[in-house]
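Single-structure report; data block below.
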Amino acid sequence: MSLITTPNLSDPDGAYAALLLAHKGLSEAESQALNARLVLVLMNHLGDGPEFGEALNLARDVPDGAS
Amino acid sequence: MPYDYRTFPYVAPPGLTAPEPRHKVVIVGAGPIGLALAIDLAQYGVASVVLDDNNVVSVGSRAICWSKRSLEILDRLGVGQKCVEKGVIWKVGRTLHRENEVWTFDLQPDPGHKMPAFVNLQQYYVEEYLVARALEFPGLIDLRWKNKVTAVESDTHVTLTIETPDGAYLLEADHLVACDGARSEIRGMMGLDFDGELFEERFLIADIEMTGEFPSERRFWFEPPFHAGQSALLHKQPDNIYRIDLQLGWDADPEVERTPEKVIPRIEKAVGHRDFRLDWVSVYTFQCRRLARFVHGPVLFCGDSAHVVSPFGARGGNGGLQDVDALGWRLAAVAKGADPVVLNAYDRERQHGADENLLNSSRTTRFMSPAAGAERIFRDAVLALAGKASFARPLVNSGRLSRPCVYPLAGPDDPALPVDARPGSVAPDAPLADGWLIDHLGREPVLLAIGQPAPAVGFATLELPVTPAVRTRYLGGAGKALYLVRPDQIVAARWVNASPEAVAEAAAAIWRDA
């Protein structure tokens, strides 16, 4: 797999907080729209290689509400 | 000025008084596809009977955007120049979201082609020119207006029952080609149906006449200020006629929406004034569907009778002309005694072409008319980003305009040669000292010899000088090449070096189901 699936953030708590902060005060619809734009920006950043497909599969393979 | 619709004369067919001998080819439908096919066959000396239940050209503009490839095909049939001279030439498409331009494409940035990227020309003009051209073949094209097929029987040949104002008669043919459009009655009588998607979306389509300057370009709006939440398309046509497509949504009542009381205020908002005359209005539903096979024994389907797409992308009329292009030379050969197996290649190649058109059309439809939920959220996200970041602009999909597909041919190839001229592609045009390369291709197979003398192969050859355009389009880094071009101007095979035997083998394969 080309996609990095091992820890790759030097400040995971800081990155997570930045994600939450971006959504702070948004309605559910606004949050969904923000996430959609973010996915498109990151999809373009990943480019034509296999990583985007691998990311899609990884995200899809995690069942909703898994504990 | 409005188009002057003239009726074509009905003449009582001979079959009403005495049985007619079996015809080689009967074509049902005298629209652009049926007429083009009859002319193509006539140019090979093959006679056909063309039946049409009506006696007038297309009412309303209908198919308006004719692609470079279609113009090349129409040119070979003798009407391409007329279409270019009358039509509005354009190559730039602008897409707007609300008031902002989000995506612009130029369809022909590379000069040096006989035909422009696109012309806009109402279907009724194309049909008028094709009828006039067909009448130049009085011994070969038998045009029968007001002849409606009411029954079809097919086994080794076809027997048709035809109704006329003077009563019914029977007609037999070796081959029947159904060019009778999206609602093909032949398809219905054969008990065949389309597979695919019907989209829950309606569009209002109108021709209006207005004076005033508007650039020769395609303009598409997502969520325009004049038509909240929907989309709109504007195309310029000859005679100061403009075509406007307005998205209505699925809840709209088509009968109400097409009334002038509803249409005129909408258009007034779109063009910003009331100084126009309504010429034609229709309402349509999106479909992206096709027959599983286009060849059913002696019955062949061609154009919209075989496949329908949404109109954004101009893949209906243009796709149909490409069907004609793939069928005419093969059917002519079969009518002259060739093995009918060559028609299987028509079926396979045009299924491939139809699938490409259906794929593009479905994707466009999904972008223009997204389902509620994720489709809508991502569509809106693309449009929101496109005004700000260039990466999102190519994701904006207001129609991917018709280009000829590349057939998956297994003919000899040399990867040293340019990819855009690989086997299965339309042979690229190029300027020559005495005109255009495209004028030397087609009708019969031709071997192009570039940067080397033409070998003796027993059919037509053409030695091309290595001009800059020929080098770019045909040689790439190679110093010389041989290109075998089919009767439909498609590259069948190519080599840097080849023996006359290898060329002869590839030329023979053109006539097989390979």
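Each chain in the structure tokens gets a letter, A, B, ..., in the order shown, and its residues are numbered from 1; ligands are numbered from 1 in order too.
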- Task: Determine which residues of chain A sit within 12 Å of chain B, taking into account only C-alpha atoms, and present them as a list in words.
- Result: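 Every residue meeting the condition is included here: Glu28, Ala29, Glu30, Ser31, Gln32, Ala33, Leu34, Asn35, Ala36, Arg37, Leu38, Val39, Leu40, Val41, Leu42, Met43, Asn44, His45 and Gly47 of chain A.
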Can those selected residues be exported to a file as a PDB file, in the first residue's frame so that it contains N, CA and C atoms?
ATOM      1  N   GLU A  28     -25.057  21.380  10.994  1.00  0.00           N
ATOM      2  CA  GLU A  28     -24.696  20.080  10.427  1.00  0.00           C
ATOM      3  C   GLU A  28     -24.485  20.184   8.909  1.00  0.00           C
ATOM      4  N   ALA A  29     -25.340  20.944   8.236  1.00  0.00           N
ATOM      5  CA  ALA A  29     -25.204  21.096   6.777  1.00  0.00           C
ATOM      6  C   ALA A  29     -23.911  21.827   6.434  1.00  0.00           C
ATOM      7  N   GLU A  30     -23.593  22.856   7.204  1.00  0.00           N
ATOM      8  CA  GLU A  30     -22.360  23.607   6.942  1.00  0.00           C
ATOM      9  C   GLU A  30     -21.131  22.723   7.180  1.00  0.00           C
ATOM     10  N   SER A  31     -21.205  21.889   8.224  1.00  0.00           N
ATOM     11  CA  SER A  31     -20.111  20.958   8.503  1.00  0.00           C
ATOM     12  C   SER A  31     -19.927  19.966   7.360  1.00  0.00           C
ATOM     13  N   GLN A  32     -21.044  19.451   6.868  1.00  0.00           N
ATOM     14  CA  GLN A  32     -20.967  18.504   5.747  1.00  0.00           C
ATOM     15  C   GLN A  32     -20.351  19.163   4.530  1.00  0.00           C
ATOM     16  N   ALA A  33     -20.738  20.412   4.268  1.00  0.00           N
ATOM     17  CA  ALA A  33     -20.199  21.122   3.113  1.00  0.00           C
ATOM     18  C   ALA A  33     -18.700  21.357   3.291  1.00  0.00           C
ATOM     19  N   LEU A  34     -18.299  21.711   4.501  1.00  0.00           N
ATOM     20  CA  LEU A  34     -16.875  21.932   4.768  1.00  0.00           C
ATOM     21  C   LEU A  34     -16.091  20.634   4.557  1.00  0.00           C
ATOM     22  N   ASN A  35     -16.624  19.542   5.088  1.00  0.00           N
ATOM     23  CA  ASN A  35     -15.944  18.259   4.900  1.00  0.00           C
ATOM     24  C   ASN A  35     -15.826  17.904   3.422  1.00  0.00           C
ATOM     25  N   ALA A  36     -16.872  18.180   2.673  1.00  0.00           N
ATOM     26  CA  ALA A  36     -16.837  17.852   1.240  1.00  0.00           C
ATOM     27  C   ALA A  36     -15.753  18.656   0.547  1.00  0.00           C
ATOM     28  N   ARG A  37     -15.675  19.936   0.860  1.00  0.00           N
ATOM     29  CA  ARG A  37     -14.636  20.764   0.238  1.00  0.00           C
ATOM     30  C   ARG A  37     -13.250  20.271   0.638  1.00  0.00           C
ATOM     31  N   LEU A  38     -13.130  19.893   1.907  1.00  0.00           N
ATOM     32  CA  LEU A  38     -11.837  19.400   2.403  1.00  0.00           C
ATOM     33  C   LEU A  38     -11.425  18.117   1.666  1.00  0.00           C
ATOM     34  N   VAL A  39     -12.362  17.224   1.483  1.00  0.00           N
ATOM     35  CA  VAL A  39     -12.063  15.972   0.773  1.00  0.00           C
ATOM     36  C   VAL A  39     -11.588  16.270  -0.646  1.00  0.00           C
ATOM     37  N   LEU A  40     -12.256  17.211  -1.307  1.00  0.00           N
ATOM     38  CA  LEU A  40     -11.857  17.543  -2.686  1.00  0.00           C
ATOM     39  C   LEU A  40     -10.454  18.144  -2.723  1.00  0.00           C
ATOM     40  N   VAL A  41     -10.162  19.019  -1.776  1.00  0.00           N
ATOM     41  CA  VAL A  41      -8.829  19.634  -1.726  1.00  0.00           C
ATOM     42  C   VAL A  41      -7.772  18.552  -1.515  1.00  0.00           C
ATOM     43  N   LEU A  42      -8.050  17.635  -0.585  1.00  0.00           N
ATOM     44  CA  LEU A  42      -7.069  16.582  -0.283  1.00  0.00           C
ATOM     45  C   LEU A  42      -6.982  15.563  -1.425  1.00  0.00           C
ATOM     46  N   MET A  43      -8.107  15.295  -2.081  1.00  0.00           N
ATOM     47  CA  MET A  43      -8.104  14.372  -3.223  1.00  0.00           C
ATOM     48  C   MET A  43      -7.173  14.906  -4.307  1.00  0.00           C
ATOM     49  N   ASN A  44      -7.278  16.200  -4.568  1.00  0.00           N
ATOM     50  CA  ASN A  44      -6.402  16.791  -5.579  1.00  0.00           C
ATOM     51  C   ASN A  44      -4.944  16.734  -5.136  1.00  0.00           C
ATOM     52  N   HIS A  45      -4.720  16.974  -3.843  1.00  0.00           N
ATOM     53  CA  HIS A  45      -3.356  16.941  -3.337  1.00  0.00           C
ATOM     54  C   HIS A  45      -2.758  15.534  -3.498  1.00  0.00           C
ATOM     55  N   GLY A  47      -3.504  13.377  -5.790  1.00  0.00           N
ATOM     56  CA  GLY A  47      -3.189  13.177  -7.201  1.00  0.00           C
ATOM     57  C   GLY A  47      -3.677  11.846  -7.751  1.00  0.00           C
TER      58      GLY A  47
END
Fewer than 3 positions away in the same chain doesn't count, so skip those; otherwise give me all residues within 9 Å of Thr95 of chain B, counting only C-alpha atoms, as a tab-separated table (two decimals) with C-alpha atoms, in the first residue's frame.
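So part05.tsv came out as:
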chain	number	residue	atom	x	y	z
B	100	ASN	CA	-18.78	34.04	-11.54
B	101	GLU	CA	-16.98	32.28	-14.36
B	102	VAL	CA	-15.72	28.96	-12.99
B	103	TRP	CA	-14.49	27.03	-16.01
B	104	THR	CA	-13.64	27.83	-19.61
B	105	PHE	CA	-12.62	25.38	-22.28
B	218	ARG	CA	-21.38	28.13	-25.40
B	219	ARG	CA	-22.52	29.56	-22.09
B	220	PHE	CA	-23.66	27.41	-19.20
B	221	TRP	CA	-24.84	28.56	-15.78
B	222	PHE	CA	-25.15	26.68	-12.53
B	396	VAL	CA	-17.04	21.25	-13.02
B	397	ASN	CA	-19.08	19.22	-15.49
B	398	SER	CA	-21.57	21.07	-17.67
- Item | Residue set, segment 104-343 of chain B restricted to alpha helix (DSSP H), as a PyMOL selection string | chain B and resi 123-134+185-189+254-257+260-271+317-335+342-343
Restricting it to N, CA and C atoms, dump the selection as a compact mmCIF listing (two decimals), in the first residue's frame.
# COMPACT_ATOMS: atom_id res chain seq x y z
N GLN B 123 -30.96 21.52 -36.68
CA GLN B 123 -31.11 20.23 -37.36
C GLN B 123 -31.89 20.38 -38.66
N TYR B 124 -32.87 21.31 -38.71
CA TYR B 124 -33.66 21.42 -39.94
C TYR B 124 -32.79 21.83 -41.13
N TYR B 125 -31.75 22.64 -40.90
CA TYR B 125 -30.86 23.00 -42.01
C TYR B 125 -30.04 21.79 -42.47
N VAL B 126 -29.51 21.04 -41.49
CA VAL B 126 -28.71 19.87 -41.85
C VAL B 126 -29.57 18.90 -42.66
N GLU B 127 -30.82 18.70 -42.23
CA GLU B 127 -31.71 17.81 -42.97
C GLU B 127 -32.02 18.37 -44.36
N GLU B 128 -32.24 19.67 -44.44
CA GLU B 128 -32.52 20.29 -45.75
C GLU B 128 -31.35 20.05 -46.71
N TYR B 129 -30.12 20.24 -46.21
CA TYR B 129 -28.96 20.06 -47.09
C TYR B 129 -28.80 18.59 -47.48
N LEU B 130 -29.08 17.70 -46.52
CA LEU B 130 -28.94 16.27 -46.82
C LEU B 130 -30.00 15.81 -47.82
N VAL B 131 -31.22 16.34 -47.69
CA VAL B 131 -32.27 15.98 -48.66
C VAL B 131 -31.84 16.45 -50.05
N ALA B 132 -31.36 17.70 -50.14
CA ALA B 132 -30.93 18.23 -51.44
C ALA B 132 -29.82 17.37 -52.03
N ARG B 133 -28.90 16.96 -51.18
CA ARG B 133 -27.79 16.10 -51.64
C ARG B 133 -28.33 14.73 -52.08
N ALA B 134 -29.25 14.17 -51.30
CA ALA B 134 -29.81 12.86 -51.65
C ALA B 134 -30.49 12.90 -53.01
N GLU B 185 -40.03 3.18 -33.72
CA GLU B 185 -41.14 2.23 -33.81
C GLU B 185 -40.65 0.87 -34.27
N ILE B 186 -39.58 0.86 -35.07
CA ILE B 186 -39.01 -0.43 -35.48
C ILE B 186 -38.54 -1.19 -34.24
N ARG B 187 -37.88 -0.47 -33.34
CA ARG B 187 -37.41 -1.11 -32.11
C ARG B 187 -38.58 -1.71 -31.34
N GLY B 188 -39.66 -0.94 -31.26
CA GLY B 188 -40.86 -1.44 -30.58
C GLY B 188 -41.44 -2.66 -31.27
N MET B 189 -41.54 -2.59 -32.60
CA MET B 189 -42.12 -3.72 -33.35
C MET B 189 -41.26 -4.97 -33.23
N PRO B 254 -44.70 19.12 -17.24
CA PRO B 254 -44.21 19.51 -18.58
C PRO B 254 -45.26 20.25 -19.41
N GLU B 255 -46.53 19.87 -19.28
CA GLU B 255 -47.56 20.52 -20.10
C GLU B 255 -47.75 21.98 -19.70
N VAL B 256 -47.64 22.24 -18.40
CA VAL B 256 -47.77 23.63 -17.92
C VAL B 256 -46.54 24.43 -18.29
N GLU B 257 -45.37 23.79 -18.12
CA GLU B 257 -44.12 24.53 -18.31
C GLU B 257 -43.90 24.96 -19.76
N PRO B 260 -46.67 29.33 -23.32
CA PRO B 260 -45.99 30.63 -23.46
C PRO B 260 -46.08 31.47 -22.19
N GLU B 261 -47.19 31.37 -21.46
CA GLU B 261 -47.32 32.17 -20.23
C GLU B 261 -46.24 31.82 -19.21
N LYS B 262 -45.80 30.56 -19.20
CA LYS B 262 -44.74 30.15 -18.28
C LYS B 262 -43.35 30.38 -18.91
N VAL B 263 -43.24 30.12 -20.22
CA VAL B 263 -41.93 30.14 -20.88
C VAL B 263 -41.40 31.56 -21.03
N ILE B 264 -42.26 32.48 -21.48
CA ILE B 264 -41.78 33.83 -21.83
C ILE B 264 -41.18 34.55 -20.61
N PRO B 265 -41.84 34.55 -19.44
CA PRO B 265 -41.20 35.23 -18.30
C PRO B 265 -39.86 34.61 -17.90
N ARG B 266 -39.74 33.30 -18.01
CA ARG B 266 -38.45 32.67 -17.67
C ARG B 266 -37.36 33.15 -18.62
N ILE B 267 -37.66 33.16 -19.90
CA ILE B 267 -36.64 33.57 -20.88
C ILE B 267 -36.34 35.06 -20.72
N GLU B 268 -37.36 35.81 -20.41
CA GLU B 268 -37.17 37.25 -20.21
C GLU B 268 -36.14 37.48 -19.10
N LYS B 269 -36.25 36.67 -18.04
CA LYS B 269 -35.28 36.80 -16.95
C LYS B 269 -33.88 36.37 -17.43
N ALA B 270 -33.83 35.33 -18.26
CA ALA B 270 -32.52 34.82 -18.71
C ALA B 270 -31.81 35.81 -19.62
N VAL B 271 -32.53 36.42 -20.56
CA VAL B 271 -31.86 37.31 -21.52
C VAL B 271 -31.93 38.77 -21.10
N GLY B 317 -26.70 13.58 -31.86
CA GLY B 317 -26.52 13.71 -33.32
C GLY B 317 -25.12 13.33 -33.77
N ASN B 318 -24.12 13.77 -33.00
CA ASN B 318 -22.74 13.46 -33.39
C ASN B 318 -22.45 11.97 -33.25
N GLY B 319 -22.96 11.36 -32.18
CA GLY B 319 -22.78 9.92 -32.01
C GLY B 319 -23.46 9.16 -33.15
N GLY B 320 -24.62 9.66 -33.58
CA GLY B 320 -25.34 9.01 -34.68
C GLY B 320 -24.57 9.08 -35.98
N LEU B 321 -23.96 10.22 -36.26
CA LEU B 321 -23.19 10.33 -37.51
C LEU B 321 -21.97 9.42 -37.46
N GLN B 322 -21.42 9.23 -36.25
CA GLN B 322 -20.30 8.29 -36.15
C GLN B 322 -20.78 6.85 -36.37
N ASP B 323 -22.03 6.56 -36.00
CA ASP B 323 -22.60 5.25 -36.34
C ASP B 323 -22.63 5.08 -37.86
N VAL B 324 -23.14 6.11 -38.54
CA VAL B 324 -23.21 6.06 -40.00
C VAL B 324 -21.82 5.82 -40.58
N ASP B 325 -20.86 6.54 -40.02
CA ASP B 325 -19.48 6.45 -40.49
C ASP B 325 -18.94 5.02 -40.37
N ALA B 326 -19.33 4.34 -39.29
CA ALA B 326 -18.84 2.98 -39.06
C ALA B 326 -19.64 1.95 -39.86
N LEU B 327 -20.85 2.32 -40.27
CA LEU B 327 -21.73 1.36 -40.93
C LEU B 327 -21.69 1.43 -42.45
N GLY B 328 -21.66 2.65 -43.01
CA GLY B 328 -21.86 2.84 -44.45
C GLY B 328 -20.97 1.97 -45.32
N TRP B 329 -19.66 2.03 -45.09
CA TRP B 329 -18.72 1.31 -45.97
C TRP B 329 -18.86 -0.19 -45.80
N ARG B 330 -19.22 -0.61 -44.58
CA ARG B 330 -19.38 -2.06 -44.36
C ARG B 330 -20.65 -2.57 -45.00
N LEU B 331 -21.75 -1.82 -44.83
CA LEU B 331 -23.02 -2.26 -45.42
C LEU B 331 -22.93 -2.21 -46.94
N ALA B 332 -22.23 -1.21 -47.47
CA ALA B 332 -22.05 -1.13 -48.92
C ALA B 332 -21.31 -2.37 -49.42
N ALA B 333 -20.28 -2.78 -48.68
CA ALA B 333 -19.52 -3.96 -49.09
C ALA B 333 -20.39 -5.21 -49.03
N VAL B 334 -21.21 -5.33 -47.98
CA VAL B 334 -22.09 -6.50 -47.86
C VAL B 334 -23.12 -6.50 -48.99
N ALA B 335 -23.66 -5.31 -49.31
CA ALA B 335 -24.63 -5.22 -50.41
C ALA B 335 -24.00 -5.65 -51.73
N VAL B 342 -18.70 -8.73 -41.38
CA VAL B 342 -18.10 -7.41 -41.15
C VAL B 342 -19.06 -6.49 -40.38
N LEU B 343 -20.37 -6.80 -40.45
CA LEU B 343 -21.34 -5.98 -39.70
C LEU B 343 -21.21 -6.19 -38.20
- Tell me which protein, DNA and RNA residues are within 8 Å of segment 197-207 of chain B, counting only C-alpha atoms, leaving out same-chain ones fewer than 2 positions away, and put them as a PyMOL selection string. chain B and resi 60-61+195+209+241-250+252+254+257-258+278-289+365+369
- Given the choices B:Arg486, B:Arg76, B:Arg62, B:Arg290, which gets closest to Gly303 of chain B if the distance is worked out from only C-alpha atoms?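 Result for the nearest residue to Gly303 of chain B: B:Arg290.
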- Message: What's around Lys146 of chain B at 12 Å? Count only C-alpha atoms, leave out sequence neighbours fewer than 4 positions away in its own chain, and write the answer as a ChimeraX atom specification.
- Response: /B:7-13,28-30,50-56,162-168
- Taking only C-alpha atoms into account, which of B:Leu37, B:Ile438, B:Pro116, B:Asp142 comes nearest Pro14 of chain B? B:Asp142
- Within 9 Å of Pro408 of chain B, counting only C-alpha atoms, which residues show up once you throw out same-chain ones fewer than 4 positions away? Write them as a PyMOL selection string, please. chain B and resi 349+352+423-424
- Message: Can you tell me which residues surround Pro465 of chain B at a distance of at most 8 Å, considering only C-alpha atoms, apart from same-chain residues fewer than 4 positions away, and format the answer as a list in words?
- Response: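 Final neighbour list, sorted by chain and number: Ile450, Gly451 and Val470 of chain B.
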